[in-house]
Amino acid sequence: MFMCDFDVIIVGGGLAGLTAAIHLRSKNYNVAVFESKQYPHHKVCGEYVSNEVGPYLEFLGISLPPTIPINEMLLSLENGNVLKAKLPMGGFGLSRHAFDHLLYKRAKELGAKVFIESVNSIRYVNNHFRVGLESGRECTGKFVIGSYGKRGMLDKDLKRRFIQKKSPWLAVKAHYKLDSFPENLVAIHNFRGGYGGLSKTESGAVNFCYLVAYDSFKKEKNMARFNQNIIARNPYLDKFLNDAEMLFDQPMTIGQVSFHKKKPVEQHIIMCGDTAGLIHPLCGNGMAMALHSAKMASESIHTYFKTGFGDRSQLERDYETQWQHMFAKRLWMGRQLQAVLLNPRLSHVAMGILVNSPYIVNKLIKNTHGQIIRCQ
């Protein structure tokens, strides 16, 4: 039987959405999650998770599969110049195929209603939300959390400002077999018009996810020629592509990846994860930010209910202030680092400085990551 009224409706069942569902169900709220794809499924993602999420995952009752600690970073330019550094906090590699499915099973275990169905519209009427579904049905809720990813049709329906701006970015991902790739390493390799990250996941596969400007990509006839003529100019990526065996039939792609500023609250919808703001992949912190934003949203909603249905506008202002305090600096830093990395002259100068300045390197890493997520 389809239930149509909920305390919280979560649109999008990725990391942020499922995390919010688990957190809110642990507080006994009636929660529905709407996700367009069956679990498990792959998503375009760097698949490196910062250790800052550890205590929060324990709080949620999530038992991770065995993973190898990642505690070293390597950055290379197209000309072969390289920087190596220790990661002060470190992290681990975990595929979205495994991570999302793990969170999905935990949410179901706690009693969250998870529906594999797309949401077509969200309307706020008389202090309640009306959510229109692809099937033509409608459900209602006191709160809606938007966690449907980087860019979607709902952004157009909601007339979000960023969706009016074109984005030049294309993201590509595939898993590869390469046993010799170091298990404790996350590598970022620059090439003309973009950069890619390499790290091992829980399965032993190496995830290669890269971001490229359309102007660079469209000059080549297909992805094979792009790999050969552009990506392989970086000697590290040339060796990787020659030595590794792709495990996917075809790479996954996402177009129009937007790094424009977004609002954490839109038309009373509380946005989480990439739906609220997308950090540049070279910072390696997007997955942790998704979980952290879900925690903040869940705690805000819980406080609202616990204090006897308080001021919704105050909740929204508080969430937006907290979101900006927690993430705005990281997003800004990511934009600056990407601008430098994609400028050949600036990246060469910056690499020369960083190679001889471990202190600056550590500061940059810390400024794109958060602190350990504490739980009460």
# chains A, B, ... in the order shown; residues from 1 in each chain; ligands from 1
>>> residues_around(residues="stretch 279-285 of chain A", least_positions_apart="6", cutoff="8 Å", atoms="only C-alpha atoms", output="ChimeraX atom specification")
/A:46,48-50,188,195-197,211,259,330-331,334-335,338,365,368-369
>>> write_last_selection(atoms="C-alpha atoms", output="PDB file, in the first residue's frame")
ATOM      1  CA  GLY A  46      35.883  10.179  -7.295  1.00  0.00           C
ATOM      2  CA  TYR A  48      37.628   8.786  -2.079  1.00  0.00           C
ATOM      3  CA  VAL A  49      36.136   9.282   1.394  1.00  0.00           C
ATOM      4  CA  SER A  50      37.821  11.481   3.988  1.00  0.00           C
ATOM      5  CA  ILE A 188      45.540  13.671  -9.314  1.00  0.00           C
ATOM      6  CA  TYR A 195      42.372  16.588 -14.637  1.00  0.00           C
ATOM      7  CA  GLY A 196      41.654  13.110 -13.345  1.00  0.00           C
ATOM      8  CA  GLY A 197      41.855  11.220 -10.065  1.00  0.00           C
ATOM      9  CA  LEU A 211      36.744  16.302 -15.350  1.00  0.00           C
ATOM     10  CA  PHE A 259      30.284  24.617 -10.069  1.00  0.00           C
ATOM     11  CA  ARG A 330      36.144  24.853   0.995  1.00  0.00           C
ATOM     12  CA  LEU A 331      34.145  25.551  -2.146  1.00  0.00           C
ATOM     13  CA  GLY A 334      38.407  24.454  -4.655  1.00  0.00           C
ATOM     14  CA  ARG A 335      37.579  27.055  -7.290  1.00  0.00           C
ATOM     15  CA  GLN A 338      41.203  24.380 -10.083  1.00  0.00           C
ATOM     16  CA  ILE A 365      44.944  20.095   2.109  1.00  0.00           C
ATOM     17  CA  THR A 368      39.772  21.762   1.515  1.00  0.00           C
ATOM     18  CA  HIS A 369      38.823  19.253   4.215  1.00  0.00           C
TER      19      HIS A 369
END
>>> select_by_dssp(residues="stretch 93-312 of chain A", states="strand (DSSP E)", output="PDB file with N, CA and C atoms, in the first residue's frame")
ATOM      1  N   GLY A  93      39.119   4.354   0.060  1.00  0.00           N
ATOM      2  CA  GLY A  93      38.428   4.247  -1.212  1.00  0.00           C
ATOM      3  C   GLY A  93      37.217   3.344  -1.085  1.00  0.00           C
ATOM      4  N   LYS A 113      10.858   4.315   4.068  1.00  0.00           N
ATOM      5  CA  LYS A 113      10.176   3.876   2.852  1.00  0.00           C
ATOM      6  C   LYS A 113      10.988   4.378   1.655  1.00  0.00           C
ATOM      7  N   VAL A 114      11.515   3.449   0.883  1.00  0.00           N
ATOM      8  CA  VAL A 114      12.322   3.818  -0.283  1.00  0.00           C
ATOM      9  C   VAL A 114      11.578   3.409  -1.544  1.00  0.00           C
ATOM     10  N   PHE A 115      11.275   4.389  -2.384  1.00  0.00           N
ATOM     11  CA  PHE A 115      10.535   4.156  -3.615  1.00  0.00           C
ATOM     12  C   PHE A 115      11.444   4.411  -4.809  1.00  0.00           C
ATOM     13  N   ILE A 116      11.463   3.465  -5.744  1.00  0.00           N
ATOM     14  CA  ILE A 116      12.243   3.644  -6.969  1.00  0.00           C
ATOM     15  C   ILE A 116      11.343   4.323  -7.981  1.00  0.00           C
ATOM     16  N   VAL A 119      10.776  11.989  -9.122  1.00  0.00           N
ATOM     17  CA  VAL A 119       9.925  13.094  -8.696  1.00  0.00           C
ATOM     18  C   VAL A 119       9.905  14.137  -9.815  1.00  0.00           C
ATOM     19  N   ASN A 120       8.718  14.562 -10.202  1.00  0.00           N
ATOM     20  CA  ASN A 120       8.573  15.526 -11.289  1.00  0.00           C
ATOM     21  C   ASN A 120       8.399  16.957 -10.809  1.00  0.00           C
ATOM     22  N   SER A 121       7.841  17.134  -9.610  1.00  0.00           N
ATOM     23  CA  SER A 121       7.573  18.491  -9.136  1.00  0.00           C
ATOM     24  C   SER A 121       7.531  18.532  -7.619  1.00  0.00           C
ATOM     25  N   ILE A 122       7.864  19.692  -7.068  1.00  0.00           N
ATOM     26  CA  ILE A 122       7.775  19.937  -5.635  1.00  0.00           C
ATOM     27  C   ILE A 122       7.123  21.303  -5.457  1.00  0.00           C
ATOM     28  N   ARG A 123       6.015  21.339  -4.703  1.00  0.00           N
ATOM     29  CA  ARG A 123       5.323  22.589  -4.452  1.00  0.00           C
ATOM     30  C   ARG A 123       5.094  22.759  -2.948  1.00  0.00           C
ATOM     31  N   TYR A 124       5.303  23.987  -2.486  1.00  0.00           N
ATOM     32  CA  TYR A 124       5.089  24.307  -1.075  1.00  0.00           C
ATOM     33  C   TYR A 124       3.792  25.099  -0.948  1.00  0.00           C
ATOM     34  N   VAL A 125       2.819  24.513  -0.252  1.00  0.00           N
ATOM     35  CA  VAL A 125       1.493  25.125  -0.129  1.00  0.00           C
ATOM     36  C   VAL A 125       1.014  25.010   1.314  1.00  0.00           C
ATOM     37  N   HIS A 128       3.024  23.017   3.896  1.00  0.00           N
ATOM     38  CA  HIS A 128       3.199  21.610   3.569  1.00  0.00           C
ATOM     39  C   HIS A 128       3.746  21.508   2.142  1.00  0.00           C
ATOM     40  N   PHE A 129       4.370  20.393   1.858  1.00  0.00           N
ATOM     41  CA  PHE A 129       4.875  20.144   0.506  1.00  0.00           C
ATOM     42  C   PHE A 129       3.974  19.152  -0.212  1.00  0.00           C
ATOM     43  N   ARG A 130       3.776  19.393  -1.483  1.00  0.00           N
ATOM     44  CA  ARG A 130       3.102  18.452  -2.367  1.00  0.00           C
ATOM     45  C   ARG A 130       4.124  18.015  -3.418  1.00  0.00           C
ATOM     46  N   VAL A 131       4.412  16.734  -3.442  1.00  0.00           N
ATOM     47  CA  VAL A 131       5.463  16.177  -4.303  1.00  0.00           C
ATOM     48  C   VAL A 131       4.816  15.320  -5.378  1.00  0.00           C
ATOM     49  N   GLY A 132       4.969  15.744  -6.630  1.00  0.00           N
ATOM     50  CA  GLY A 132       4.399  15.010  -7.755  1.00  0.00           C
ATOM     51  C   GLY A 132       5.363  13.975  -8.288  1.00  0.00           C
ATOM     52  N   LEU A 133       4.854  12.766  -8.509  1.00  0.00           N
ATOM     53  CA  LEU A 133       5.689  11.635  -8.918  1.00  0.00           C
ATOM     54  C   LEU A 133       5.494  11.310 -10.394  1.00  0.00           C
ATOM     55  N   GLU A 138       0.746  11.545  -6.024  1.00  0.00           N
ATOM     56  CA  GLU A 138       1.250  12.690  -5.274  1.00  0.00           C
ATOM     57  C   GLU A 138       1.354  12.301  -3.804  1.00  0.00           C
ATOM     58  N   CYS A 139       2.396  12.797  -3.145  1.00  0.00           N
ATOM     59  CA  CYS A 139       2.498  12.600  -1.706  1.00  0.00           C
ATOM     60  C   CYS A 139       2.799  13.937  -1.045  1.00  0.00           C
ATOM     61  N   THR A 140       2.576  13.988   0.252  1.00  0.00           N
ATOM     62  CA  THR A 140       2.757  15.233   0.988  1.00  0.00           C
ATOM     63  C   THR A 140       3.710  15.018   2.148  1.00  0.00           C
ATOM     64  N   GLY A 141       4.328  16.099   2.588  1.00  0.00           N
ATOM     65  CA  GLY A 141       5.261  16.017   3.710  1.00  0.00           C
ATOM     66  C   GLY A 141       5.452  17.370   4.355  1.00  0.00           C
ATOM     67  N   LYS A 142       5.863  17.338   5.608  1.00  0.00           N
ATOM     68  CA  LYS A 142       6.121  18.585   6.333  1.00  0.00           C
ATOM     69  C   LYS A 142       7.435  19.215   5.878  1.00  0.00           C
ATOM     70  N   PHE A 143       8.415  18.360   5.519  1.00  0.00           N
ATOM     71  CA  PHE A 143       9.703  18.842   5.030  1.00  0.00           C
ATOM     72  C   PHE A 143      10.088  18.060   3.782  1.00  0.00           C
ATOM     73  N   VAL A 144      10.840  18.726   2.910  1.00  0.00           N
ATOM     74  CA  VAL A 144      11.474  18.049   1.779  1.00  0.00           C
ATOM     75  C   VAL A 144      12.961  18.348   1.814  1.00  0.00           C
ATOM     76  N   ILE A 145      13.754  17.293   1.684  1.00  0.00           N
ATOM     77  CA  ILE A 145      15.200  17.415   1.517  1.00  0.00           C
ATOM     78  C   ILE A 145      15.528  17.114   0.060  1.00  0.00           C
ATOM     79  N   GLY A 146      16.204  18.051  -0.601  1.00  0.00           N
ATOM     80  CA  GLY A 146      16.631  17.849  -1.979  1.00  0.00           C
ATOM     81  C   GLY A 146      18.052  17.318  -2.019  1.00  0.00           C
ATOM     82  N   TRP A 169      31.645  21.797 -18.240  1.00  0.00           N
ATOM     83  CA  TRP A 169      32.344  20.630 -17.714  1.00  0.00           C
ATOM     84  C   TRP A 169      31.637  19.307 -18.009  1.00  0.00           C
ATOM     85  N   LEU A 170      32.442  18.315 -18.347  1.00  0.00           N
ATOM     86  CA  LEU A 170      32.004  16.938 -18.546  1.00  0.00           C
ATOM     87  C   LEU A 170      32.792  16.051 -17.593  1.00  0.00           C
ATOM     88  N   ALA A 171      32.101  15.148 -16.901  1.00  0.00           N
ATOM     89  CA  ALA A 171      32.767  14.219 -15.981  1.00  0.00           C
ATOM     90  C   ALA A 171      32.659  12.798 -16.535  1.00  0.00           C
ATOM     91  N   VAL A 172      33.751  12.049 -16.434  1.00  0.00           N
ATOM     92  CA  VAL A 172      33.842  10.693 -16.987  1.00  0.00           C
ATOM     93  C   VAL A 172      34.430   9.768 -15.926  1.00  0.00           C
ATOM     94  N   LYS A 173      33.885   8.557 -15.832  1.00  0.00           N
ATOM     95  CA  LYS A 173      34.385   7.610 -14.828  1.00  0.00           C
ATOM     96  C   LYS A 173      34.363   6.186 -15.368  1.00  0.00           C
ATOM     97  N   ALA A 174      35.372   5.402 -14.964  1.00  0.00           N
ATOM     98  CA  ALA A 174      35.380   3.955 -15.201  1.00  0.00           C
ATOM     99  C   ALA A 174      36.278   3.301 -14.161  1.00  0.00           C
ATOM    100  N   HIS A 175      36.030   2.014 -13.922  1.00  0.00           N
ATOM    101  CA  HIS A 175      36.899   1.217 -13.054  1.00  0.00           C
ATOM    102  C   HIS A 175      37.865   0.414 -13.917  1.00  0.00           C
ATOM    103  N   TYR A 176      39.079   0.230 -13.381  1.00  0.00           N
ATOM    104  CA  TYR A 176      40.135  -0.470 -14.103  1.00  0.00           C
ATOM    105  C   TYR A 176      40.802  -1.496 -13.196  1.00  0.00           C
ATOM    106  N   LYS A 177      41.358  -2.500 -13.814  1.00  0.00           N
ATOM    107  CA  LYS A 177      42.167  -3.484 -13.101  1.00  0.00           C
ATOM    108  C   LYS A 177      43.632  -3.140 -13.287  1.00  0.00           C
ATOM    109  N   LEU A 185      47.312   5.280  -2.060  1.00  0.00           N
ATOM    110  CA  LEU A 185      47.555   6.505  -2.807  1.00  0.00           C
ATOM    111  C   LEU A 185      46.285   7.019  -3.477  1.00  0.00           C
ATOM    112  N   VAL A 186      46.085   8.340  -3.422  1.00  0.00           N
ATOM    113  CA  VAL A 186      45.148   9.013  -4.306  1.00  0.00           C
ATOM    114  C   VAL A 186      45.987   9.937  -5.184  1.00  0.00           C
ATOM    115  N   ALA A 187      45.834   9.791  -6.499  1.00  0.00           N
ATOM    116  CA  ALA A 187      46.656  10.543  -7.448  1.00  0.00           C
ATOM    117  C   ALA A 187      45.770  11.467  -8.273  1.00  0.00           C
ATOM    118  N   ILE A 188      46.239  12.692  -8.487  1.00  0.00           N
ATOM    119  CA  ILE A 188      45.540  13.671  -9.314  1.00  0.00           C
ATOM    120  C   ILE A 188      46.469  14.066 -10.447  1.00  0.00           C
ATOM    121  N   HIS A 189      46.024  13.846 -11.674  1.00  0.00           N
ATOM    122  CA  HIS A 189      46.871  14.086 -12.835  1.00  0.00           C
ATOM    123  C   HIS A 189      46.220  15.104 -13.761  1.00  0.00           C
ATOM    124  N   ASN A 190      46.995  16.122 -14.094  1.00  0.00           N
ATOM    125  CA  ASN A 190      46.527  17.208 -14.947  1.00  0.00           C
ATOM    126  C   ASN A 190      46.764  16.888 -16.425  1.00  0.00           C
ATOM    127  N   PHE A 191      45.850  17.324 -17.282  1.00  0.00           N
ATOM    128  CA  PHE A 191      46.050  17.279 -18.729  1.00  0.00           C
ATOM    129  C   PHE A 191      45.375  18.508 -19.324  1.00  0.00           C
ATOM    130  N   GLY A 194      41.702  19.751 -18.320  1.00  0.00           N
ATOM    131  CA  GLY A 194      41.060  18.974 -17.262  1.00  0.00           C
ATOM    132  C   GLY A 194      42.049  18.266 -16.364  1.00  0.00           C
ATOM    133  N   TYR A 195      41.538  17.390 -15.543  1.00  0.00           N
ATOM    134  CA  TYR A 195      42.372  16.588 -14.637  1.00  0.00           C
ATOM    135  C   TYR A 195      41.576  15.369 -14.196  1.00  0.00           C
ATOM    136  N   GLY A 196      42.309  14.342 -13.766  1.00  0.00           N
ATOM    137  CA  GLY A 196      41.654  13.110 -13.345  1.00  0.00           C
ATOM    138  C   GLY A 196      42.245  12.574 -12.059  1.00  0.00           C
ATOM    139  N   GLY A 197      41.412  11.833 -11.319  1.00  0.00           N
ATOM    140  CA  GLY A 197      41.855  11.220 -10.065  1.00  0.00           C
ATOM    141  C   GLY A 197      41.873   9.714 -10.170  1.00  0.00           C
ATOM    142  N   LEU A 198      42.866   9.115  -9.512  1.00  0.00           N
ATOM    143  CA  LEU A 198      43.011   7.662  -9.462  1.00  0.00           C
ATOM    144  C   LEU A 198      43.114   7.217  -8.010  1.00  0.00           C
ATOM    145  N   SER A 199      42.333   6.212  -7.633  1.00  0.00           N
ATOM    146  CA  SER A 199      42.473   5.602  -6.310  1.00  0.00           C
ATOM    147  C   SER A 199      41.773   4.252  -6.328  1.00  0.00           C
ATOM    148  N   LYS A 200      42.207   3.369  -5.434  1.00  0.00           N
ATOM    149  CA  LYS A 200      41.630   2.035  -5.376  1.00  0.00           C
ATOM    150  C   LYS A 200      40.367   2.018  -4.516  1.00  0.00           C
ATOM    151  N   VAL A 206      40.711   0.086  -9.610  1.00  0.00           N
ATOM    152  CA  VAL A 206      41.149   1.475  -9.570  1.00  0.00           C
ATOM    153  C   VAL A 206      40.076   2.341 -10.225  1.00  0.00           C
ATOM    154  N   ASN A 207      39.593   3.323  -9.500  1.00  0.00           N
ATOM    155  CA  ASN A 207      38.622   4.262 -10.065  1.00  0.00           C
ATOM    156  C   ASN A 207      39.374   5.396 -10.753  1.00  0.00           C
ATOM    157  N   PHE A 208      39.074   5.599 -12.034  1.00  0.00           N
ATOM    158  CA  PHE A 208      39.627   6.734 -12.776  1.00  0.00           C
ATOM    159  C   PHE A 208      38.457   7.633 -13.136  1.00  0.00           C
ATOM    160  N   CYS A 209      38.402   8.786 -12.498  1.00  0.00           N
ATOM    161  CA  CYS A 209      37.329   9.742 -12.737  1.00  0.00           C
ATOM    162  C   CYS A 209      37.965  11.069 -13.131  1.00  0.00           C
ATOM    163  N   TYR A 210      37.558  11.613 -14.268  1.00  0.00           N
ATOM    164  CA  TYR A 210      38.184  12.872 -14.689  1.00  0.00           C
ATOM    165  C   TYR A 210      37.140  13.902 -15.087  1.00  0.00           C
ATOM    166  N   LEU A 211      37.559  15.148 -14.995  1.00  0.00           N
ATOM    167  CA  LEU A 211      36.744  16.302 -15.350  1.00  0.00           C
ATOM    168  C   LEU A 211      37.432  17.019 -16.490  1.00  0.00           C
ATOM    169  N   VAL A 212      36.661  17.347 -17.529  1.00  0.00           N
ATOM    170  CA  VAL A 212      37.271  17.982 -18.694  1.00  0.00           C
ATOM    171  C   VAL A 212      36.335  19.039 -19.256  1.00  0.00           C
ATOM    172  N   ALA A 213      36.896  20.110 -19.771  1.00  0.00           N
ATOM    173  CA  ALA A 213      36.112  21.146 -20.432  1.00  0.00           C
ATOM    174  C   ALA A 213      35.672  20.653 -21.812  1.00  0.00           C
ATOM    175  N   GLU A 245      43.444  -2.405 -17.373  1.00  0.00           N
ATOM    176  CA  GLU A 245      42.361  -3.019 -18.151  1.00  0.00           C
ATOM    177  C   GLU A 245      41.023  -2.473 -17.653  1.00  0.00           C
ATOM    178  N   MET A 246      40.265  -1.845 -18.543  1.00  0.00           N
ATOM    179  CA  MET A 246      38.991  -1.276 -18.123  1.00  0.00           C
ATOM    180  C   MET A 246      37.988  -2.382 -17.813  1.00  0.00           C
ATOM    181  N   MET A 252      31.307   5.822 -17.843  1.00  0.00           N
ATOM    182  CA  MET A 252      30.110   6.588 -17.517  1.00  0.00           C
ATOM    183  C   MET A 252      30.411   8.072 -17.691  1.00  0.00           C
ATOM    184  N   THR A 253      29.409   8.838 -18.099  1.00  0.00           N
ATOM    185  CA  THR A 253      29.619  10.275 -18.294  1.00  0.00           C
ATOM    186  C   THR A 253      28.458  11.075 -17.707  1.00  0.00           C
ATOM    187  N   ILE A 254      28.761  12.296 -17.292  1.00  0.00           N
ATOM    188  CA  ILE A 254      27.756  13.287 -16.887  1.00  0.00           C
ATOM    189  C   ILE A 254      28.139  14.605 -17.541  1.00  0.00           C
ATOM    190  N   GLY A 255      27.187  15.239 -18.194  1.00  0.00           N
ATOM    191  CA  GLY A 255      27.430  16.528 -18.820  1.00  0.00           C
ATOM    192  C   GLY A 255      26.913  17.680 -17.983  1.00  0.00           C
ATOM    193  N   GLN A 256      27.311  18.886 -18.370  1.00  0.00           N
ATOM    194  CA  GLN A 256      26.842  20.112 -17.725  1.00  0.00           C
ATOM    195  C   GLN A 256      27.075  20.100 -16.210  1.00  0.00           C
ATOM    196  N   VAL A 257      28.239  19.600 -15.792  1.00  0.00           N
ATOM    197  CA  VAL A 257      28.581  19.621 -14.365  1.00  0.00           C
ATOM    198  C   VAL A 257      28.837  21.071 -13.959  1.00  0.00           C
ATOM    199  N   VAL A 265      19.025  26.506   0.608  1.00  0.00           N
ATOM    200  CA  VAL A 265      17.573  26.390   0.789  1.00  0.00           C
ATOM    201  C   VAL A 265      16.908  27.071  -0.398  1.00  0.00           C
ATOM    202  N   GLU A 266      16.045  26.330  -1.090  1.00  0.00           N
ATOM    203  CA  GLU A 266      15.324  26.865  -2.251  1.00  0.00           C
ATOM    204  C   GLU A 266      13.842  26.581  -2.078  1.00  0.00           C
ATOM    205  N   ILE A 269      12.821  24.149   0.424  1.00  0.00           N
ATOM    206  CA  ILE A 269      13.432  22.813   0.325  1.00  0.00           C
ATOM    207  C   ILE A 269      14.847  22.892   0.864  1.00  0.00           C
ATOM    208  N   ILE A 270      15.199  21.987   1.770  1.00  0.00           N
ATOM    209  CA  ILE A 270      16.543  21.959   2.342  1.00  0.00           C
ATOM    210  C   ILE A 270      17.429  21.108   1.430  1.00  0.00           C
ATOM    211  N   MET A 271      18.437  21.750   0.849  1.00  0.00           N
ATOM    212  CA  MET A 271      19.298  21.073  -0.112  1.00  0.00           C
ATOM    213  C   MET A 271      20.527  20.481   0.581  1.00  0.00           C
TER     214      MET A 271
END
>>> select_by_dssp(residues="stretch 155-361 of chain A", states="helix (DSSP H, G or I)", output="PyMOL selection string")
chain A and resi 155-157+161-164+214-217+223-229+231-233+235-243+273-275+281-283+286-306+312-341+344-355+358-361
>>> residues_around(residues="stretch 67-73 of chain A", least_positions_apart="4", cutoff="6 Å", atoms="only C-alpha atoms", output="PDB file with N, CA, C and O atoms, in the first residue's frame")
ATOM      1  N   LYS A  84      54.439  15.130  -4.236  1.00  0.00           N
ATOM      2  CA  LYS A  84      53.944  14.079  -3.349  1.00  0.00           C
ATOM      3  C   LYS A  84      53.754  14.657  -1.951  1.00  0.00           C
ATOM      4  O   LYS A  84      54.524  15.506  -1.522  1.00  0.00           O
ATOM      5  N   ALA A  85      52.724  14.179  -1.261  1.00  0.00           N
ATOM      6  CA  ALA A  85      52.456  14.693   0.080  1.00  0.00           C
ATOM      7  C   ALA A  85      51.704  13.656   0.893  1.00  0.00           C
ATOM      8  O   ALA A  85      51.009  12.783   0.351  1.00  0.00           O
ATOM      9  N   LYS A  86      51.856  13.731   2.209  1.00  0.00           N
ATOM     10  CA  LYS A  86      51.077  12.924   3.130  1.00  0.00           C
ATOM     11  C   LYS A  86      49.717  13.585   3.342  1.00  0.00           C
ATOM     12  O   LYS A  86      49.601  14.813   3.329  1.00  0.00           O
ATOM     13  N   LEU A  87      48.687  12.796   3.518  1.00  0.00           N
ATOM     14  CA  LEU A  87      47.366  13.314   3.839  1.00  0.00           C
ATOM     15  C   LEU A  87      47.198  13.282   5.355  1.00  0.00           C
ATOM     16  O   LEU A  87      47.147  12.191   5.945  1.00  0.00           O
ATOM     17  N   GLY A  90      43.768  11.677   6.060  1.00  0.00           N
ATOM     18  CA  GLY A  90      43.647  10.449   5.280  1.00  0.00           C
ATOM     19  C   GLY A  90      42.205  10.075   5.003  1.00  0.00           C
ATOM     20  O   GLY A  90      41.263  10.790   5.352  1.00  0.00           O
ATOM     21  N   GLY A  91      42.051   8.935   4.348  1.00  0.00           N
ATOM     22  CA  GLY A  91      40.715   8.479   4.011  1.00  0.00           C
ATOM     23  C   GLY A  91      40.752   7.050   3.514  1.00  0.00           C
ATOM     24  O   GLY A  91      41.675   6.287   3.829  1.00  0.00           O
ATOM     25  N   PHE A  92      39.755   6.695   2.713  1.00  0.00           N
ATOM     26  CA  PHE A  92      39.679   5.334   2.184  1.00  0.00           C
ATOM     27  C   PHE A  92      38.921   5.372   0.865  1.00  0.00           C
ATOM     28  O   PHE A  92      38.166   6.311   0.583  1.00  0.00           O
ATOM     29  N   ASN A 184      47.524   2.757  -1.006  1.00  0.00           N
ATOM     30  CA  ASN A 184      47.397   3.871  -0.052  1.00  0.00           C
ATOM     31  C   ASN A 184      47.467   5.241  -0.725  1.00  0.00           C
ATOM     32  O   ASN A 184      47.629   6.247  -0.054  1.00  0.00           O
ATOM     33  N   LEU A 185      47.312   5.280  -2.060  1.00  0.00           N
ATOM     34  CA  LEU A 185      47.555   6.505  -2.807  1.00  0.00           C
ATOM     35  C   LEU A 185      46.285   7.019  -3.477  1.00  0.00           C
ATOM     36  O   LEU A 185      45.510   6.253  -4.053  1.00  0.00           O
ATOM     37  N   VAL A 186      46.085   8.340  -3.422  1.00  0.00           N
ATOM     38  CA  VAL A 186      45.148   9.013  -4.306  1.00  0.00           C
ATOM     39  C   VAL A 186      45.987   9.937  -5.184  1.00  0.00           C
ATOM     40  O   VAL A 186      46.799  10.718  -4.689  1.00  0.00           O
ATOM     41  N   ALA A 187      45.834   9.791  -6.499  1.00  0.00           N
ATOM     42  CA  ALA A 187      46.656  10.543  -7.448  1.00  0.00           C
ATOM     43  C   ALA A 187      45.770  11.467  -8.273  1.00  0.00           C
ATOM     44  O   ALA A 187      44.676  11.081  -8.701  1.00  0.00           O
ATOM     45  N   GLU A 202      37.158  -0.568  -2.646  1.00  0.00           N
ATOM     46  CA  GLU A 202      37.122  -1.748  -1.775  1.00  0.00           C
ATOM     47  C   GLU A 202      37.264  -3.053  -2.548  1.00  0.00           C
ATOM     48  O   GLU A 202      37.715  -4.067  -2.004  1.00  0.00           O
TER      49      GLU A 202
END
>>> closest_residue(among="A:Asp274, A:Glu109, A:Glu52, A:Asp100", to="A:Pro40", atoms="only C-alpha atoms")
A:Asp100
>>> residues_around(residues="A:Tyr56", least_positions_apart="5", cutoff="8 Å", atoms="only C-alpha atoms", output="ChimeraX atom specification")
/A:373-375
>>> atom_distance(atom1="atom CA of A:Glu320", atom2="atom CA of A:Cys45")
25.2 Å
>>> closest_residue(among="A:Leu237, A:Met223, A:Leu103, A:Cys4", to="A:Arg137", atoms="only C-alpha atoms")
A:Cys4
>>> closest_residue(among="A:Leu74, A:Leu18, A:Ala107, A:Leu342", to="A:Gly273", atoms="only C-alpha atoms")
A:Leu18
>>> atom_distance(atom1="atom CA of A:Val8", atom2="atom CA of A:Val31")
5.0 Å
>>> residues_around(residues="A:Ser26", least_positions_apart="5", cutoff="10 Å", atoms="only C-alpha atoms", output="compact mmCIF listing (two decimals) with all heavy atoms, in the first residue's frame")
# COMPACT_ATOMS: atom_id res chain seq x y z
N ALA A 20 20.51 11.11 5.41
CA ALA A 20 19.43 11.83 6.09
C ALA A 20 18.31 10.88 6.49
O ALA A 20 17.74 11.00 7.59
CB ALA A 20 18.91 12.95 5.20
N ALA A 21 17.98 9.93 5.62
CA ALA A 21 16.92 8.97 5.94
C ALA A 21 17.29 8.14 7.16
O ALA A 21 16.45 7.91 8.05
CB ALA A 21 16.67 8.07 4.73
N PHE A 59 27.88 6.34 14.38
CA PHE A 59 26.64 6.82 14.99
C PHE A 59 25.42 6.32 14.22
O PHE A 59 24.38 5.98 14.81
CB PHE A 59 26.66 8.36 15.03
CG PHE A 59 25.36 9.00 15.38
CD1 PHE A 59 24.97 9.13 16.71
CD2 PHE A 59 24.51 9.50 14.39
CE1 PHE A 59 23.75 9.73 17.04
CE2 PHE A 59 23.31 10.10 14.71
CZ PHE A 59 22.93 10.22 16.04
N LEU A 60 25.53 6.25 12.90
CA LEU A 60 24.43 5.80 12.06
C LEU A 60 24.30 4.28 12.03
O LEU A 60 23.33 3.75 11.47
CB LEU A 60 24.62 6.31 10.63
CG LEU A 60 24.60 7.82 10.42
CD1 LEU A 60 24.94 8.16 8.97
CD2 LEU A 60 23.25 8.42 10.81
N GLY A 61 25.26 3.58 12.62
CA GLY A 61 25.22 2.12 12.63
C GLY A 61 25.67 1.51 11.32
O GLY A 61 25.24 0.41 10.97
N ALA A 107 18.97 2.09 5.71
CA ALA A 107 17.75 2.89 5.75
C ALA A 107 16.51 1.99 5.75
O ALA A 107 15.56 2.22 6.53
CB ALA A 107 17.71 3.85 4.55
N LEU A 110 15.95 0.29 9.10
CA LEU A 110 15.39 1.18 10.12
C LEU A 110 13.95 1.57 9.83
O LEU A 110 13.32 2.28 10.63
CB LEU A 110 16.25 2.43 10.26
CG LEU A 110 17.65 2.23 10.86
CD1 LEU A 110 18.43 3.54 10.82
CD2 LEU A 110 17.55 1.71 12.28
N GLY A 111 13.43 1.16 8.69
CA GLY A 111 12.02 1.41 8.40
C GLY A 111 11.74 2.57 7.47
O GLY A 111 10.57 2.96 7.32
N ALA A 112 12.76 3.14 6.83
CA ALA A 112 12.50 4.18 5.84
C ALA A 112 11.79 3.58 4.63
O ALA A 112 12.10 2.46 4.22
CB ALA A 112 13.80 4.84 5.41
>>> closest_residue(among="A:Lys295, A:Ala276, A:Arg192, A:His302", to="A:Ala232", atoms="only C-alpha atoms")
A:Arg192
>>> atom_distance(atom1="atom CA of A:Ile230", atom2="atom CA of A:Val349")
21.8 Å
>>> closest_residue(among="A:Leu57, A:Glu78, A:Asn28, A:Leu15", to="A:Arg96", atoms="only C-alpha atoms")
A:Leu15
